[in-house]
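Have a look at the structure below before the remarks.
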Amino acid sequence: MPLRAAYAGSTDAPSQTTEQIAAALEAFLTEHARAVVLEDGKVLFDMREAKYRLATEHGRCTLHLWSEERNVVRRVSATAMRNSVLRVSTHRFGQAKPAMLELVADRDRRTPSTRETTRGKYLRVLERVLLRSFREMKADGFRTAMDLEKSFGPAYARGSLVQGQKAWAVIAVNDEETPMTVDGILTLGILWLHHCRESGDGRRVYQGLKMIVPRGMATLTLSRMAWLNENAAQWELWELDQKTEEIEQRDAADHGNLTTRLMHLPNETAAKERFAESAARVMALVPEAMREVVEQRLRSGSELAFLLHGLEFARVRVGYAGNSFNSAQEITFGAGANETPLSSENEMELRELVARLFARRAAAGDKRDPLYRMQPERWLESVLRRDVSLIDAHLRAGHVYTQVPAFAASDRVMLDLLGVTNDGRLAVIELKADDDLHLALQGLDYWVRVRWHHLQNPDNVTGLGEFQRHGYFGGLRLSAEAPRLYLVAPALRVHPATVVVLRYLSPHVEWRLVALDERWRDKVKVVWRKRSGA
């Protein structure tokens with residue numbers, strides 16, 4: 001059943017078949033890769049981090065969801081689509097009473113009127129706090145109105161603090177907004193400061209930007225502030241407790257430990273030998289003409305993934321056999337977050353999945369097809385991994401790694417590559433296939449972490465830095481310079497905000513903005529470039 005057609009089965013009618021239920025679930029989760037699963041209004045799973053498995057044996061549809069935090073298995077008896085929410089009637093095993101799960105594309109489920117009321121109340125709290133905390137200054141023009149032309153959304157309260165000709169741009173966010181919205185305050189704050197300076201009549205001189213976030217939610221913004229240009233503006237970050245209306249300034253030099261980890265590079269030769277039999281079984285189910293296009297990528301010493309244009313469709317994991325300590329390999333298949341164990345009985349399903357992928361996830365495919373649109377950054381990453389020198393001739397094509405180091409933050413949605421230039425300088429490559437005004441600062445996040453790992457703790461005997469001690473860039477002599485930051489996106493997807501934000505970064509951050517031809521799936525071609533200091 002086509003994915004889009006599957007939604008037609010998502011009704012309240014009791015005549016849904018097991019296959020229609022499974023198709024509706026798969027269609028929704030394929031279409032909304034960032035969906036969340038709710039029970040009683042609480043988030044059980046974020047599908048960016050979780051996995052799922054559907055089974056339709058014995059006339060029943062069973063949904064298995066799991067993540068690092070929890071594991072849930074439910075029998076599904078019906079699905080119903082209401083206002084972009086897929087309501088799923090489920091039964092715990094051994095219980096007759098049904099329970100309801102909700103699959104939601106947008107994590108913020110507040111109604112527009114509720115959001116507007118919350119933001120209006122916050123604006124009044126904010127004005128009282130500013131009046132009390134900055135008595136020598138006057139609050140002016142505070143609002144939360146939408147301004148799409150300037151990229152300002154209603155989640156952010158913004159205005160000015162004025163004292164004679166001196167002024168500060170101010171931006172704030174309330175504690176009921178999502179963590180991702182709070183973390184985006186610096187991008188919007190820079191744009192607001194820039195707008196205040198550009199639209200002024202010369203009577204006010206904007207010294208800098210004051211940002212106000214909920215108490216306890218300043219960590220990411222603090223780490224970013226440390227790399228802003230202090231000659232371009234003054235930067236202040238404050239935390240507000242809305243209940244007590246107490247406000248406290250945070251020091252940009254105090255941003256704590258970085259939420260990042262560096263994993264050791266697995267031994268590829270040993271891993272290929274370990275997975276040889278299972279890999280051969282998977283590849284035997286791929287038509288011979290298609291095998292050279294399939295990418296086999298080692299996720300760790302215990303997991304091998306199979307991908308088509310960046311979309312993972314099968315994987316092999318090492319685990320334990322039954323109740324013993326003997327190791328065993330499990331093969332699963334499914335696109336995106338879907339995983340089904342491979343058995344002799346369902347090998348044909350994997351064949352059919354591969355056939356669908358190759359037919360629909362192709363450069364000349366239907367742009368409306370969910371399988372074509374799924375994980376576009378990973379598709380772009382797969383293209384550049386083959387030859388990263390396509391974006392800069394100074395980049396080495398043979399040393400490119402993905403997600404090194406790994407982020408601990410759950411809201412990390414972009415994809416990163418780590419490479420090296422011909423003269424041994426590390427290169428952080430941030431990719432985006434769609435327009436995103438946070439591209440510059442999300443790239444900075446990764447640059448900060450790579451720089452930290454590279455410059456910290458060099459070995460006194462060997463002189464090797466942390467990356468090479470963990471097995472990366474073998475045989476190369478890495479430069480002691482800080483990494484170079486590359487921001488890469490299709491030309492029509494480079495948000496105008498990106499260039500503005502980049503102007504306010506510290507001169508210590510050397511960056512390159514690379515715009516690609518929109519037909520990058522066929523052939524990567526650079527349309528234009530910008531760089532720091534130019």
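The chains in the structure tokens are called A, B, ... from first to last as shown; in each chain the residues are counted from 1, and the ligands are counted from 1 in the order shown.
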
Inset, instruction - Using DSSP on the backbone coordinates, identify the residues of range 288-336 of chain A assigned to helix (DSSP H, G or I); present them as a ChimeraX atom specification. - result: /A:288-293

Legend entry - Selected residue, from A:Phe134, A:Trp452, A:Trp528, A:Phe142, that lies nearest to Arg119 in chain A when counting only C-alpha atoms: A:Phe142

Inset, instruction - Quick one: everything within 12 Å of Gln329 in chain A, counting only C-alpha atoms, minus sequence neighbours fewer than 6 positions away in the same chain. Send it as an MDAnalysis selection string. - result: chainID A and resid 274:279 281 302:304 315:322 341:342

For the selection just defined, write its residues with N, CA, C and O atoms to a file, as a compact mmCIF listing (two decimals), in the first residue's frame.
# COMPACT_ATOMS: atom_id res chain seq x y z
N ARG A 274 34.37 -10.00 11.14
CA ARG A 274 33.34 -10.39 12.10
C ARG A 274 31.96 -10.42 11.47
O ARG A 274 31.14 -11.30 11.74
N PHE A 275 31.69 -9.44 10.59
CA PHE A 275 30.35 -9.31 10.01
C PHE A 275 30.24 -9.94 8.62
O PHE A 275 29.20 -9.80 7.98
N ALA A 276 31.27 -10.61 8.15
CA ALA A 276 31.30 -11.07 6.76
C ALA A 276 30.10 -11.93 6.40
O ALA A 276 29.44 -11.72 5.37
N GLU A 277 29.77 -12.90 7.24
CA GLU A 277 28.68 -13.82 6.92
C GLU A 277 27.34 -13.10 6.90
O GLU A 277 26.53 -13.28 5.97
N SER A 278 27.08 -12.28 7.91
CA SER A 278 25.80 -11.56 7.96
C SER A 278 25.70 -10.54 6.83
O SER A 278 24.62 -10.36 6.23
N ALA A 279 26.81 -9.86 6.52
CA ALA A 279 26.79 -8.88 5.44
C ALA A 279 26.51 -9.55 4.10
O ALA A 279 25.76 -9.02 3.27
N ARG A 281 24.73 -12.18 3.67
CA ARG A 281 23.31 -12.55 3.64
C ARG A 281 22.44 -11.35 3.25
O ARG A 281 21.51 -11.48 2.44
N SER A 302 30.39 -3.18 17.18
CA SER A 302 29.33 -4.19 17.30
C SER A 302 28.13 -3.92 16.40
O SER A 302 27.09 -4.56 16.55
N GLU A 303 28.24 -2.98 15.46
CA GLU A 303 27.10 -2.68 14.59
C GLU A 303 27.56 -2.25 13.21
O GLU A 303 28.42 -1.37 13.06
N LEU A 304 26.98 -2.87 12.20
CA LEU A 304 27.24 -2.54 10.80
C LEU A 304 25.93 -2.14 10.15
O LEU A 304 24.92 -2.84 10.29
N ARG A 315 20.64 -3.41 9.22
CA ARG A 315 21.81 -3.33 10.09
C ARG A 315 22.05 -4.68 10.74
O ARG A 315 21.13 -5.51 10.87
N VAL A 316 23.31 -4.89 11.15
CA VAL A 316 23.71 -6.11 11.85
C VAL A 316 24.28 -5.69 13.19
O VAL A 316 25.13 -4.79 13.26
N ARG A 317 23.81 -6.32 14.28
CA ARG A 317 24.31 -6.01 15.61
C ARG A 317 24.80 -7.29 16.29
O ARG A 317 24.22 -8.36 16.10
N VAL A 318 25.83 -7.13 17.10
CA VAL A 318 26.33 -8.23 17.90
C VAL A 318 25.67 -8.17 19.26
O VAL A 318 25.68 -7.12 19.93
N GLY A 319 25.08 -9.28 19.69
CA GLY A 319 24.48 -9.36 21.02
C GLY A 319 24.79 -10.69 21.65
O GLY A 319 25.80 -11.33 21.32
N TYR A 320 23.93 -11.11 22.56
CA TYR A 320 24.11 -12.39 23.24
C TYR A 320 23.03 -13.36 22.80
O TYR A 320 21.87 -12.98 22.58
N ALA A 321 23.42 -14.63 22.69
CA ALA A 321 22.50 -15.67 22.24
C ALA A 321 21.71 -16.21 23.42
O ALA A 321 22.28 -16.81 24.33
N GLY A 322 20.40 -15.96 23.42
CA GLY A 322 19.55 -16.49 24.47
C GLY A 322 19.99 -16.07 25.86
O GLY A 322 20.29 -14.91 26.11
N PRO A 341 13.30 -7.81 12.76
CA PRO A 341 14.32 -8.87 12.68
C PRO A 341 14.19 -9.66 11.39
O PRO A 341 13.07 -10.02 10.98
N LEU A 342 15.30 -9.94 10.74
CA LEU A 342 15.29 -10.71 9.50
C LEU A 342 15.23 -12.20 9.83
O LEU A 342 15.99 -12.69 10.66

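Of the listed residues A:Arg158, A:Ala335, A:Lys138, A:Lys150, the one whose atoms come nearest to Leu191 in chain A is A:Lys150, with distances taken using only C-alpha atoms.
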
What are the nearest atom pairs, with distances in Å to one decimal, for all residues of range 261-335 of chain A that come at most 8 Å from range 467-486 of chain A, using only C-alpha atoms, set out by chain and rising residue number as JSON lines?
{"residue": "A:Leu262", "atom": "CA", "partner": "A:His470", "partner_atom": "CA", "distance": 7.8}
{"residue": "A:Met263", "atom": "CA", "partner": "A:His470", "partner_atom": "CA", "distance": 7.1}
{"residue": "A:His264", "atom": "CA", "partner": "A:His470", "partner_atom": "CA", "distance": 4.6}
{"residue": "A:Leu265", "atom": "CA", "partner": "A:Gly471", "partner_atom": "CA", "distance": 5.2}
{"residue": "A:Pro266", "atom": "CA", "partner": "A:Gly471", "partner_atom": "CA", "distance": 7.9}

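Between CA of Glu39 in chain A and CA of Val104 in chain A there is a distance of 10.8 Å.
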
Legend entry - Neighbour list for Ala362 in chain A as a VMD selection string, cut-off 10 Å, only C-alpha atoms, skip fewer than 2 positions in-chain: chain A and resid 308 to 309 357 to 360 364 to 367 371 to 372 521 to 522

Legend entry - Contact residues around Lys121 in chain A with only C-alpha atoms at 12 Å, ignoring same-chain residues under 3 positions, as number ranges by chain: A: 114-118, 124-128, 143-144, 157, 173-176, 242-243

Save the residues we just selected, N, CA, C and O atoms, as a tab-separated table (two decimals), in the first residue's frame?
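Contents of the output file out_6.tsv:
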chain	number	residue	atom	x	y	z
A	114	THR	N	-3.84	29.38	23.50
A	114	THR	CA	-3.09	29.13	24.74
A	114	THR	C	-1.70	29.72	24.66
A	114	THR	O	-1.21	30.35	25.61
A	115	ARG	N	-1.03	29.51	23.53
A	115	ARG	CA	0.30	30.07	23.34
A	115	ARG	C	0.27	31.60	23.43
A	115	ARG	O	1.13	32.22	24.05
A	116	GLU	N	-0.74	32.20	22.79
A	116	GLU	CA	-0.84	33.66	22.79
A	116	GLU	C	-1.08	34.19	24.20
A	116	GLU	O	-0.48	35.20	24.61
A	117	THR	N	-1.94	33.51	24.97
A	117	THR	CA	-2.21	33.93	26.34
A	117	THR	C	-0.95	33.83	27.20
A	117	THR	O	-0.62	34.75	27.97
A	118	THR	N	-0.22	32.72	27.07
A	118	THR	CA	1.01	32.51	27.84
A	118	THR	C	2.03	33.59	27.53
A	118	THR	O	2.67	34.16	28.43
A	124	ARG	N	4.10	40.84	30.28
A	124	ARG	CA	3.84	41.72	31.41
A	124	ARG	C	4.82	41.46	32.56
A	124	ARG	O	5.30	42.39	33.21
A	125	VAL	N	5.13	40.17	32.79
A	125	VAL	CA	6.14	39.82	33.80
A	125	VAL	C	7.49	40.41	33.42
A	125	VAL	O	8.19	41.00	34.25
A	126	LEU	N	7.85	40.26	32.16
A	126	LEU	CA	9.15	40.74	31.68
A	126	LEU	C	9.29	42.25	31.87
A	126	LEU	O	10.33	42.73	32.34
A	127	GLU	N	8.25	42.99	31.54
A	127	GLU	CA	8.32	44.45	31.68
A	127	GLU	C	8.47	44.87	33.14
A	127	GLU	O	9.21	45.80	33.45
A	128	ARG	N	7.81	44.15	34.07
A	128	ARG	CA	7.98	44.46	35.49
A	128	ARG	C	9.41	44.18	35.94
A	128	ARG	O	10.02	44.98	36.67
A	143	ARG	N	7.26	43.58	22.35
A	143	ARG	CA	6.18	42.92	21.64
A	143	ARG	C	6.57	41.46	21.36
A	143	ARG	O	7.73	41.07	21.47
A	144	THR	N	5.57	40.68	20.96
A	144	THR	CA	5.80	39.28	20.55
A	144	THR	C	5.21	39.01	19.17
A	144	THR	O	5.08	37.85	18.78
A	157	ALA	N	9.92	37.44	23.01
A	157	ALA	CA	9.56	38.82	23.34
A	157	ALA	C	10.79	39.69	23.05
A	157	ALA	O	11.90	39.33	23.42
A	173	VAL	N	12.57	34.75	26.30
A	173	VAL	CA	11.72	33.61	25.98
A	173	VAL	C	11.19	33.03	27.29
A	173	VAL	O	11.90	32.95	28.30
A	174	ASN	N	9.91	32.61	27.29
A	174	ASN	CA	9.28	32.14	28.53
A	174	ASN	C	9.53	30.66	28.76
A	174	ASN	O	9.97	29.93	27.86
A	175	ASP	N	9.23	30.19	29.97
A	175	ASP	CA	9.59	28.83	30.36
A	175	ASP	C	8.64	27.76	29.86
A	175	ASP	O	8.83	26.57	30.16
A	176	GLU	N	7.61	28.12	29.08
A	176	GLU	CA	6.72	27.12	28.50
A	176	GLU	C	7.05	26.81	27.05
A	176	GLU	O	6.40	25.96	26.43
A	242	GLN	N	10.34	32.88	36.57
A	242	GLN	CA	9.07	33.58	36.37
A	242	GLN	C	8.18	33.56	37.61
A	242	GLN	O	7.36	34.47	37.79
A	243	LYS	N	8.32	32.57	38.46
A	243	LYS	CA	7.47	32.51	39.66
A	243	LYS	C	7.88	33.58	40.67
A	243	LYS	O	7.02	34.26	41.24

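For Ala218 in chain A, the set of protein, DNA and RNA residues having any atom at most 12 Å away, when counting only C-alpha atoms and skipping those fewer than 6 positions along the same chain, is Ala172, Val173, Asp175, Pro179, Met180, Val182, Asp183, Gly184, Ile185, Leu186, Met211, Ile212, Arg224, Met225, Glu236, Leu237, Trp238, Glu239, Leu240, Glu248, Gln249, Arg250, Asp251, Ala252, Asp254, His255 and Gly256 of chain A.
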
Resulting file, chosen residues, N, CA and C atoms, as a JSON list (two decimals), in the first residue's frame:
[["chain", "number", "residue", "atom", "x", "y", "z"],
["A", 172, "ALA", "N", 13.78, 37.87, 24.89],
["A", 172, "ALA", "CA", 13.50, 36.98, 26.01],
["A", 172, "ALA", "C", 12.55, 35.87, 25.56],
["A", 173, "VAL", "N", 12.57, 34.75, 26.30],
["A", 173, "VAL", "CA", 11.72, 33.61, 25.98],
["A", 173, "VAL", "C", 11.19, 33.03, 27.29],
["A", 175, "ASP", "N", 9.23, 30.19, 29.97],
["A", 175, "ASP", "CA", 9.59, 28.83, 30.36],
["A", 175, "ASP", "C", 8.64, 27.76, 29.86],
["A", 179, "PRO", "N", 12.58, 23.39, 24.62],
["A", 179, "PRO", "CA", 14.02, 23.61, 24.79],
["A", 179, "PRO", "C", 14.71, 24.08, 23.51],
["A", 180, "MET", "N", 14.26, 23.59, 22.36],
["A", 180, "MET", "CA", 14.86, 24.00, 21.10],
["A", 180, "MET", "C", 14.61, 25.49, 20.85],
["A", 182, "VAL", "N", 14.19, 27.79, 23.22],
["A", 182, "VAL", "CA", 15.07, 28.50, 24.15],
["A", 182, "VAL", "C", 16.49, 28.55, 23.62],
["A", 183, "ASP", "N", 16.97, 27.42, 23.11],
["A", 183, "ASP", "CA", 18.34, 27.36, 22.60],
["A", 183, "ASP", "C", 18.53, 28.22, 21.35],
["A", 184, "GLY", "N", 17.44, 28.57, 20.68],
["A", 184, "GLY", "CA", 17.55, 29.40, 19.48],
["A", 184, "GLY", "C", 17.60, 30.89, 19.75],
["A", 185, "ILE", "N", 17.63, 31.29, 21.03],
["A", 185, "ILE", "CA", 17.51, 32.71, 21.36],
["A", 185, "ILE", "C", 18.68, 33.53, 20.84],
["A", 186, "LEU", "N", 19.89, 32.96, 20.79],
["A", 186, "LEU", "CA", 21.03, 33.76, 20.37],
["A", 186, "LEU", "C", 20.94, 34.12, 18.89],
["A", 211, "MET", "N", 19.97, 39.03, 26.61],
["A", 211, "MET", "CA", 19.10, 37.88, 26.39],
["A", 211, "MET", "C", 18.61, 37.37, 27.73],
["A", 212, "ILE", "N", 17.34, 36.98, 27.79],
["A", 212, "ILE", "CA", 16.75, 36.49, 29.03],
["A", 212, "ILE", "C", 16.10, 35.14, 28.77],
["A", 224, "ARG", "N", 27.94, 29.25, 23.32],
["A", 224, "ARG", "CA", 27.98, 29.99, 22.06],
["A", 224, "ARG", "C", 28.48, 31.42, 22.27],
["A", 225, "MET", "N", 28.06, 32.06, 23.37],
["A", 225, "MET", "CA", 28.44, 33.45, 23.63],
["A", 225, "MET", "C", 29.95, 33.64, 23.73],
["A", 236, "GLU", "N", 25.10, 40.03, 26.90],
["A", 236, "GLU", "CA", 24.72, 39.67, 28.26],
["A", 236, "GLU", "C", 23.63, 38.60, 28.22],
["A", 237, "LEU", "N", 23.75, 37.64, 29.15],
["A", 237, "LEU", "CA", 22.74, 36.59, 29.28],
["A", 237, "LEU", "C", 22.23, 36.56, 30.71],
["A", 238, "TRP", "N", 20.91, 36.56, 30.85],
["A", 238, "TRP", "CA", 20.27, 36.58, 32.16],
["A", 238, "TRP", "C", 19.30, 35.40, 32.26],
["A", 239, "GLU", "N", 19.17, 34.85, 33.48],
["A", 239, "GLU", "CA", 18.19, 33.81, 33.75],
["A", 239, "GLU", "C", 17.07, 34.39, 34.62],
["A", 240, "LEU", "N", 15.85, 34.08, 34.24],
["A", 240, "LEU", "CA", 14.68, 34.62, 34.95],
["A", 240, "LEU", "C", 13.85, 33.48, 35.54],
["A", 248, "GLU", "N", 18.99, 36.85, 37.23],
["A", 248, "GLU", "CA", 20.41, 36.72, 37.58],
["A", 248, "GLU", "C", 21.24, 36.66, 36.30],
["A", 249, "GLN", "N", 22.34, 37.40, 36.26],
["A", 249, "GLN", "CA", 23.19, 37.41, 35.08],
["A", 249, "GLN", "C", 24.13, 36.21, 35.11],
["A", 250, "ARG", "N", 24.36, 35.61, 33.94],
["A", 250, "ARG", "CA", 25.30, 34.50, 33.80],
["A", 250, "ARG", "C", 26.56, 34.96, 33.09],
["A", 251, "ASP", "N", 27.69, 34.43, 33.50],
["A", 251, "ASP", "CA", 28.98, 34.79, 32.92],
["A", 251, "ASP", "C", 29.29, 33.85, 31.76],
["A", 252, "ALA", "N", 29.60, 34.42, 30.60],
["A", 252, "ALA", "CA", 29.87, 33.60, 29.41],
["A", 252, "ALA", "C", 31.09, 32.72, 29.60],
["A", 254, "ASP", "N", 31.65, 30.97, 32.14],
["A", 254, "ASP", "CA", 31.27, 29.86, 33.01],
["A", 254, "ASP", "C", 30.17, 29.05, 32.33],
["A", 255, "HIS", "N", 30.59, 28.18, 31.41],
["A", 255, "HIS", "CA", 29.58, 27.38, 30.72],
["A", 255, "HIS", "C", 29.73, 25.89, 30.98],
["A", 256, "GLY", "N", 30.50, 25.52, 32.02],
["A", 256, "GLY", "CA", 30.53, 24.13, 32.47],
["A", 256, "GLY", "C", 31.16, 23.18, 31.49]]

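Interatomic distance, CA of Ser199 in chain A against CA of Ser160 in chain A: 12.8 Å.
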
Pull the closest atom pair for each residue of range 217-245 of chain A that gets at most 9 Å from range 435-451 of chain A, along with the distance in Å to one decimal, counting only C-alpha atoms, ordering rows by chain and then ascending residue number, as JSON lines.
{"residue": "A:Leu220", "atom": "CA", "partner": "A:Asp445", "partner_atom": "CA", "distance": 8.4}
{"residue": "A:Ser223", "atom": "CA", "partner": "A:Asp445", "partner_atom": "CA", "distance": 7.9}
{"residue": "A:Arg224", "atom": "CA", "partner": "A:Asp445", "partner_atom": "CA", "distance": 6.9}
{"residue": "A:Trp227", "atom": "CA", "partner": "A:Leu444", "partner_atom": "CA", "distance": 8.4}

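Residue nearest Ala397 in chain A within the list A:Val72, A:Arg378, A:Val420, A:Lys42: A:Val420 [criterion: smallest interatomic distance, only C-alpha atoms].
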
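For range 89-92 of chain A, the list of residues within 7 Å, based on only C-alpha atoms and with local chain neighbours fewer than 3 positions off taken out, reads Arg74, Arg75, Val76, Ser77, Ala78, Thr79, Gln95, Ala96, Lys97, Pro98, Ala99, Met100 and Leu101 of chain A.
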
Could those residues be written to a file, using N, CA and C atoms, as a short mmCIF file (atom, residue, chain, number, x, y, z; two decimals), in the first residue's frame?
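Saved as selection32.cif:
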data_model
loop_
_atom_site.label_atom_id
_atom_site.label_comp_id
_atom_site.auth_asym_id
_atom_site.auth_seq_id
_atom_site.Cartn_x
_atom_site.Cartn_y
_atom_site.Cartn_z
N ARG A 74 3.00 -2.93 22.66
CA ARG A 74 1.54 -2.82 22.74
C ARG A 74 0.90 -3.48 21.51
N ARG A 75 -0.28 -4.06 21.73
CA ARG A 75 -1.11 -4.51 20.61
C ARG A 75 -1.98 -3.34 20.18
N VAL A 76 -2.04 -3.06 18.89
CA VAL A 76 -2.78 -1.92 18.36
C VAL A 76 -4.08 -2.42 17.73
N SER A 77 -5.19 -1.85 18.16
CA SER A 77 -6.50 -2.29 17.65
C SER A 77 -7.12 -1.31 16.67
N ALA A 78 -6.67 -0.03 16.67
CA ALA A 78 -7.24 0.95 15.74
C ALA A 78 -6.37 2.20 15.71
N THR A 79 -6.49 2.94 14.62
CA THR A 79 -5.84 4.24 14.49
C THR A 79 -6.85 5.25 13.97
N GLN A 95 -4.28 -7.25 29.42
CA GLN A 95 -5.27 -6.28 29.87
C GLN A 95 -6.29 -6.02 28.75
N ALA A 96 -7.56 -6.06 29.09
CA ALA A 96 -8.60 -5.86 28.08
C ALA A 96 -8.90 -4.38 27.85
N LYS A 97 -8.70 -3.56 28.89
CA LYS A 97 -9.02 -2.14 28.78
C LYS A 97 -8.03 -1.44 27.84
N PRO A 98 -8.53 -0.74 26.82
CA PRO A 98 -7.61 -0.07 25.88
C PRO A 98 -7.00 1.19 26.48
N ALA A 99 -5.84 1.54 25.99
CA ALA A 99 -5.17 2.79 26.33
C ALA A 99 -4.89 3.54 25.04
N MET A 100 -4.66 4.83 25.16
CA MET A 100 -4.47 5.65 23.96
C MET A 100 -3.06 6.21 23.89
N LEU A 101 -2.39 5.98 22.77
CA LEU A 101 -1.14 6.65 22.45
C LEU A 101 -1.43 7.69 21.37
#

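Nearest to Gly465 in chain A of all the residues A:Leu228, A:Thr421, A:Leu63, A:Leu426 is A:Leu426, counting only C-alpha atoms.
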
Legend entry - Those in range 411-510 of chain A with strand (DSSP E or B) from DSSP, as JSON, numbers by chain: {"A": [415, 416, 417, 418, 419, 420, 421, 426, 427, 428, 429, 430, 431, 484, 485, 486, 487, 488, 489, 490, 505]}

Selection file, N, CA, C and O atoms, as a JSON list (two decimals), in the first residue's frame:
[["chain", "number", "residue", "atom", "x", "y", "z"],
["A", 415, "LEU", "N", 23.47, 17.22, 10.75],
["A", 415, "LEU", "CA", 24.49, 16.21, 10.55],
["A", 415, "LEU", "C", 25.84, 16.88, 10.34],
["A", 415, "LEU", "O", 25.95, 17.91, 9.69],
["A", 416, "ASP", "N", 26.87, 16.26, 10.89],
["A", 416, "ASP", "CA", 28.19, 16.86, 10.82],
["A", 416, "ASP", "C", 29.19, 15.88, 10.23],
["A", 416, "ASP", "O", 29.10, 14.67, 10.44],
["A", 417, "LEU", "N", 30.16, 16.42, 9.52],
["A", 417, "LEU", "CA", 31.30, 15.65, 9.05],
["A", 417, "LEU", "C", 32.57, 16.26, 9.63],
["A", 417, "LEU", "O", 32.64, 17.47, 9.84],
["A", 418, "LEU", "N", 33.54, 15.41, 9.87],
["A", 418, "LEU", "CA", 34.84, 15.89, 10.32],
["A", 418, "LEU", "C", 35.87, 15.42, 9.32],
["A", 418, "LEU", "O", 36.01, 14.22, 9.06],
["A", 419, "GLY", "N", 36.58, 16.38, 8.72],
["A", 419, "GLY", "CA", 37.60, 16.06, 7.74],
["A", 419, "GLY", "C", 38.90, 16.76, 8.07],
["A", 419, "GLY", "O", 39.10, 17.27, 9.17],
["A", 420, "VAL", "N", 39.79, 16.82, 7.09],
["A", 420, "VAL", "CA", 41.10, 17.42, 7.30],
["A", 420, "VAL", "C", 41.57, 18.01, 5.97],
["A", 420, "VAL", "O", 41.29, 17.47, 4.90],
["A", 421, "THR", "N", 42.25, 19.14, 6.04],
["A", 421, "THR", "CA", 42.80, 19.76, 4.84],
["A", 421, "THR", "C", 44.12, 19.11, 4.46],
["A", 421, "THR", "O", 44.70, 18.34, 5.24],
["A", 426, "LEU", "N", 42.21, 20.39, 10.86],
["A", 426, "LEU", "CA", 40.89, 19.78, 10.98],
["A", 426, "LEU", "C", 39.83, 20.67, 10.33],
["A", 426, "LEU", "O", 39.92, 21.91, 10.37],
["A", 427, "ALA", "N", 38.82, 20.03, 9.75],
["A", 427, "ALA", "CA", 37.74, 20.75, 9.06],
["A", 427, "ALA", "C", 36.40, 20.24, 9.56],
["A", 427, "ALA", "O", 36.07, 19.06, 9.39],
["A", 428, "VAL", "N", 35.65, 21.11, 10.21],
["A", 428, "VAL", "CA", 34.30, 20.80, 10.66],
["A", 428, "VAL", "C", 33.34, 21.18, 9.54],
["A", 428, "VAL", "O", 33.33, 22.33, 9.08],
["A", 429, "ILE", "N", 32.54, 20.21, 9.09],
["A", 429, "ILE", "CA", 31.65, 20.43, 7.94],
["A", 429, "ILE", "C", 30.21, 20.22, 8.39],
["A", 429, "ILE", "O", 29.81, 19.10, 8.73],
["A", 430, "GLU", "N", 29.44, 21.30, 8.43],
["A", 430, "GLU", "CA", 28.04, 21.25, 8.85],
["A", 430, "GLU", "C", 27.15, 21.29, 7.62],
["A", 430, "GLU", "O", 27.31, 22.15, 6.75],
["A", 431, "LEU", "N", 26.22, 20.34, 7.53],
["A", 431, "LEU", "CA", 25.39, 20.19, 6.34],
["A", 431, "LEU", "C", 23.93, 20.51, 6.64],
["A", 431, "LEU", "O", 23.42, 20.20, 7.72],
["A", 484, "ARG", "N", 38.82, 24.57, 10.98],
["A", 484, "ARG", "CA", 38.11, 25.50, 10.08],
["A", 484, "ARG", "C", 36.67, 25.01, 9.99],
["A", 484, "ARG", "O", 36.41, 23.81, 9.91],
["A", 485, "LEU", "N", 35.72, 25.95, 9.99],
["A", 485, "LEU", "CA", 34.30, 25.61, 9.95],
["A", 485, "LEU", "C", 33.75, 25.81, 8.54],
["A", 485, "LEU", "O", 33.85, 26.89, 7.97],
["A", 486, "TYR", "N", 33.16, 24.72, 7.99],
["A", 486, "TYR", "CA", 32.49, 24.79, 6.70],
["A", 486, "TYR", "C", 30.98, 24.64, 6.92],
["A", 486, "TYR", "O", 30.53, 23.70, 7.61],
["A", 487, "LEU", "N", 30.20, 25.55, 6.37],
["A", 487, "LEU", "CA", 28.74, 25.46, 6.40],
["A", 487, "LEU", "C", 28.27, 25.24, 4.97],
["A", 487, "LEU", "O", 28.52, 26.07, 4.09],
["A", 488, "VAL", "N", 27.61, 24.12, 4.74],
["A", 488, "VAL", "CA", 27.28, 23.70, 3.37],
["A", 488, "VAL", "C", 25.78, 23.49, 3.23],
["A", 488, "VAL", "O", 25.17, 22.78, 4.05],
["A", 489, "ALA", "N", 25.19, 24.10, 2.20],
["A", 489, "ALA", "CA", 23.75, 23.96, 1.95],
["A", 489, "ALA", "C", 23.47, 24.31, 0.49],
["A", 489, "ALA", "O", 24.25, 25.03, -0.14],
["A", 490, "PRO", "N", 22.37, 23.80, -0.08],
["A", 490, "PRO", "CA", 21.97, 24.23, -1.42],
["A", 490, "PRO", "C", 21.76, 25.74, -1.43],
["A", 490, "PRO", "O", 21.27, 26.32, -0.45],
["A", 505, "LEU", "N", 30.36, 36.56, 14.69],
["A", 505, "LEU", "CA", 31.22, 35.56, 15.31],
["A", 505, "LEU", "C", 32.61, 36.13, 15.57],
["A", 505, "LEU", "O", 33.07, 37.04, 14.88]]

Legend entry - Two-atom distance - CA of Arg512 in chain A, CA of Ser532 in chain A (Å): 6.6 Å

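Proximity of A:Lys51, A:His399, A:Arg132, A:His394 to Asp423 in chain A, computed with only C-alpha atoms, is greatest for A:His394.
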
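The nearest approach to Arg361 in chain A among the residues A:Glu330, A:Glu312, A:Glu466, A:Glu149, with only C-alpha atoms taken into account, belongs to A:Glu312.
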